[in-house]
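**Q** This structure is in structure tokens; I'll ask about it shortly.
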Amino acid sequence: MKWSLSQRIAGQPTDAEIQRAHDDGRVLRTHVLRPTWHLVAADDLRWLLRLTAPRVHQANKYAYRVTGLDAKTLALGHDVIARELQGGEARTRKELVPALAAA
């Protein structure tokens, strides 16, 4: 991951600068197109999600049916996760489960 980031940061970044770009959230590791991990500039994440969401949801239709995730449930999950992440505090999936289960 660090090598990949070093190729995208101007100049000759040090290991500490590369780590800081990831740690401070300027670069995010996410699944913009599932199931592959992508490194994405935080400023680009929203437009990339809008661009890729239709295809991701199409690919996930079967999984949504099997697990009972309808539009209402997905929207509720999004609201819960957004509330839990307010203030910029990171959470793992395991840490989000109680809030999702309670909702």
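Going through the structure tokens in order, the chains are called A, B, and so on, while each chain numbers its residues from 1 and the ligands are numbered from 1 in the order shown.
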Need the shell around Leu49 in chain A: protein/DNA/RNA residues with any atom at most 12 Å away, counting only C-alpha atoms. Skip same-chain ones fewer than 5 positions apart. Format as a PDB file with N, CA and C atoms, in the first residue's frame?
**A**
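So the final result, stored in around_33.pdb, reads:
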```
ATOM      1  N   THR A  30     -10.754   1.541   0.516  1.00  0.00           N
ATOM      2  CA  THR A  30     -12.182   1.263   0.486  1.00  0.00           C
ATOM      3  C   THR A  30     -12.519   0.357  -0.691  1.00  0.00           C
ATOM      4  N   HIS A  31     -13.760  -0.084  -0.726  1.00  0.00           N
ATOM      5  CA  HIS A  31     -14.269  -0.916  -1.820  1.00  0.00           C
ATOM      6  C   HIS A  31     -15.161  -0.054  -2.707  1.00  0.00           C
ATOM      7  N   VAL A  32     -14.576   0.810  -3.504  1.00  0.00           N
ATOM      8  CA  VAL A  32     -15.384   1.635  -4.405  1.00  0.00           C
ATOM      9  C   VAL A  32     -16.098   0.736  -5.414  1.00  0.00           C
ATOM     10  N   LEU A  33     -15.393  -0.239  -5.930  1.00  0.00           N
ATOM     11  CA  LEU A  33     -15.987  -1.287  -6.760  1.00  0.00           C
ATOM     12  C   LEU A  33     -15.661  -2.612  -6.089  1.00  0.00           C
ATOM     13  N   ARG A  34     -16.641  -3.241  -5.536  1.00  0.00           N
ATOM     14  CA  ARG A  34     -16.398  -4.484  -4.828  1.00  0.00           C
ATOM     15  C   ARG A  34     -16.001  -5.575  -5.795  1.00  0.00           C
ATOM     16  N   HIS A  38      -9.437  -0.457  -3.064  1.00  0.00           N
ATOM     17  CA  HIS A  38      -8.919   0.688  -3.803  1.00  0.00           C
ATOM     18  C   HIS A  38      -8.394   1.723  -2.820  1.00  0.00           C
ATOM     19  N   VAL A  40      -8.125   5.615  -2.395  1.00  0.00           N
ATOM     20  CA  VAL A  40      -8.862   6.726  -2.973  1.00  0.00           C
ATOM     21  C   VAL A  40      -8.583   7.982  -2.156  1.00  0.00           C
ATOM     22  N   ALA A  42      -9.566  11.070  -0.242  1.00  0.00           N
ATOM     23  CA  ALA A  42     -10.804  11.339   0.492  1.00  0.00           C
ATOM     24  C   ALA A  42     -11.687  12.336  -0.254  1.00  0.00           C
ATOM     25  N   ASP A  43     -11.082  13.328  -0.882  1.00  0.00           N
ATOM     26  CA  ASP A  43     -11.848  14.335  -1.621  1.00  0.00           C
ATOM     27  C   ASP A  43     -12.571  13.748  -2.828  1.00  0.00           C
ATOM     28  N   ASP A  44     -12.148  12.601  -3.312  1.00  0.00           N
ATOM     29  CA  ASP A  44     -12.761  11.972  -4.485  1.00  0.00           C
ATOM     30  C   ASP A  44     -13.792  10.896  -4.134  1.00  0.00           C
ATOM     31  N   PRO A  54     -24.532   2.382  -8.771  1.00  0.00           N
ATOM     32  CA  PRO A  54     -25.505   1.591  -9.529  1.00  0.00           C
ATOM     33  C   PRO A  54     -24.984   0.191  -9.881  1.00  0.00           C
ATOM     34  N   ARG A  55     -23.743   0.099 -10.292  1.00  0.00           N
ATOM     35  CA  ARG A  55     -23.175  -1.202 -10.660  1.00  0.00           C
ATOM     36  C   ARG A  55     -22.984  -2.086  -9.435  1.00  0.00           C
ATOM     37  N   VAL A  56     -22.538  -1.502  -8.346  1.00  0.00           N
ATOM     38  CA  VAL A  56     -22.331  -2.267  -7.109  1.00  0.00           C
ATOM     39  C   VAL A  56     -23.669  -2.816  -6.615  1.00  0.00           C
ATOM     40  N   HIS A  57     -24.708  -1.979  -6.615  1.00  0.00           N
ATOM     41  CA  HIS A  57     -26.025  -2.454  -6.156  1.00  0.00           C
ATOM     42  C   HIS A  57     -26.587  -3.524  -7.090  1.00  0.00           C
TER      43      HIS A  57
END
```
**Q** For range 12-24 of chain A, list every protein, DNA or RNA residue within 12 Å, evaluated using only C-alpha atoms, and leave out those in the same chain fewer than 4 positions away; present the list as a ChimeraX atom specification.
**A** /A:1-8,28-30,39-42,88-90
**Q** May I ask for the distance between CA of Val27 in chain A and CA of Gly11 in chain A, given in Å to one decimal place?
**A**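 So the answer is 16.6 Å.
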**Q** CA of Ala101 in chain A and CA of Gly77 in chain A are how many Å apart?
**A**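 These atoms are spaced 9.5 Å apart.
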**Q** Within chain A, find each residue whose DSSP state, derived from the backbone, is strand (DSSP E or B), and express the selection as a list of chain:residue names.
**A**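 Assigned to strand (DSSP E or B), within chain A: A:Val27, A:Leu28, A:Arg29, A:Thr30, A:His38, A:Leu39, A:Val40, A:Ala41.
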